[in-house]
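These notes are about the structure you will find just below.
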Amino acid sequence: MASDMHILAFDLGGTKIASGMVTFAADGTLAGGAPQVTSVPTNAAEGGPAVLQRLVDLASSQLAELGAVDAIGVGSAGVVDSAQGMIVSSTDFIPGWTGQRLADALHKVQTAPVTVVNDVVAHGLGEAHYGAGVGYSRVLSVGVGTGIGGALIVDGQPVFGAHDVAGHIGHVMHPLGRGMPCSCGTACGHIEPVASGTGLATLYAMRCGDATTTIANGRDVCELAEAGEPLAISVLTEAGHALGEALGGAANLIDPDVIVISGSVTNAGAVWWEALRAGFEDSALQRTRTIPLVEGVLGGNAPLIGAAAAARQQLHNHH
């Protein structure tokens, strides 16, 4: 009887670094329930080397408390070279994050194998293997939160593309985004700056035309919409419909079995979901229109479970 495999997982984003132990039974199923999550603020403004040190410190304290592990899995913001376990490019969200060598730093704490993947890929792997994507061979995973990220998981493996950017659904064009500065630096009209959580607030402020509006984020817009405020409802409808159209275009290009949608904006309520589905139907071809748009089920644990799944896969490949 093979024993359980214990993998310490990390989800490193611009706001927080979360960690938890993920346990797999010998057959690959999740054992031991949802991970107990511990997190610390990223303090991104302190820069890459300081953030890496916070990751190492969190790993040290977790290992001291939890004992030895079979492997470490990390889902991190930025474009990741998994072979080297390092960040090869990154936005300015964490200044100086590019070039940080995560695997090398973690090896100093623990000799177990370290696997590093992008955080959005980790999220997609989690949902594809253990969440809403189970039973589908081609999963397009879309995260709609502060930004919009995506990952394409085919037969359980992430598709990286020729330049490691496959799945960047937030950087698909949509007329609603024209002239809006995107996190990637363009203002040509990507969907992210108008349909992400941040985008909902931007769009609301624009439509409102009142410079003193105190709308800080997507949650504020959603709360106003729930209270029945017409402008907030129209912004949710407009942004949801636009994102649905972009997803329809992506479905026509990729033709996945399922589109799994996660992230804070998925809590925006029926108005947003109805608009999303309507936009998708307007844009999708007759054959792709039947692709289900489903809500992710793992919540914030998805990247931890996915990072652990990637580490487990790597262990198996090496044995």
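Residue numbering restarts at 1 in every chain; chains get A, B, ... in the order shown in the structure tokens, and ligands count up from 1 in that same order.
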Item checked: Selection near range 22-38 of chain A, 12 Å with only C-alpha atoms, sequence-local residues under 2 positions removed, as a ChimeraX atom specification -> /A:1-11,16-20,40-41,55,58-59,61-62,65-66,69-74,126,129-131,134,298-313,316
I'd like a table as a Markdown table: residues in range 68-168 of chain A with an atom no more than 10 Å from range 283-295 of chain A, each row giving the shortest atom pair and its distance in Å to one decimal, only C-alpha atoms counted, sorted by chain and rising residue number.
| residue | atom | partner | partner_atom | distance |
| --- | --- | --- | --- | --- |
| A:Glu127 | CA | A:Glu295 | CA | 9.9 |
| A:Gly131 | CA | A:Glu295 | CA | 9.7 |
| A:Ala132 | CA | A:Glu295 | CA | 7.1 |
| A:Gly133 | CA | A:Val294 | CA | 8.7 |
| A:Leu140 | CA | A:Leu293 | CA | 9.7 |
| A:Ser141 | CA | A:Val294 | CA | 9.7 |
| A:Val142 | CA | A:Glu295 | CA | 9.6 |
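With only C-alpha atoms taken into account, the protein and nucleic acid residues at most 7 Å from range 185-197 of chain A (excluding it and anything under 6 positions from it in its own chain) are Val144, Gly145, Thr146, Gly147, Ile148, Gly170, His171, Val172, Met173, His174, Pro175, Leu176, Gly177, Arg178, Gly179, Leu203, Asn217, Gly218, Ala239, Gly240, Leu243 and Val265 of chain A.
Among the candidate residues A:Val80, A:Gly149, A:Glu245, A:Ala250, the one lying nearest to His123 in chain A is A:Gly149, with distances computed using only C-alpha atoms.
Between CA of Ala151 in chain A and CA of His168 in chain A there is a distance of 7.0 Å.
Shortest atom-to-atom contact with Lys108 in chain A among A:Ser137, A:Ser234, A:Ser60, A:Thr198: A:Ser60, counting only C-alpha atoms.
Residue nearest Pro49 in chain A, chosen from A:Val165, A:Thr266, A:Ser90, A:Arg101 and counting only C-alpha atoms: A:Arg101.
Proximity to Pro95 in chain A at 6 Å, evaluated using only C-alpha atoms and with sequence-adjacent residues fewer than 2 positions away removed, yields Gly47, Gly48, Asp92 and Trp97 of chain A.
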Margin query: Just list as a ChimeraX atom specification whatever in range 68-138 of chain A DSSP marks as alpha helix (DSSP H).
Written below: /A:102-107,119-130
Notebook entry, point to check: What is the CA of Val116 in chain A-CA of Cys182 in chain A distance in Å, reported with one decimal?
Noted result: 26.2 Å
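When only C-alpha atoms are used to compute distances to Gly249 in chain A, the closest of the residues A:Ala227, A:Ile169, A:Val109, A:Leu12 turns out to be A:Ile169.
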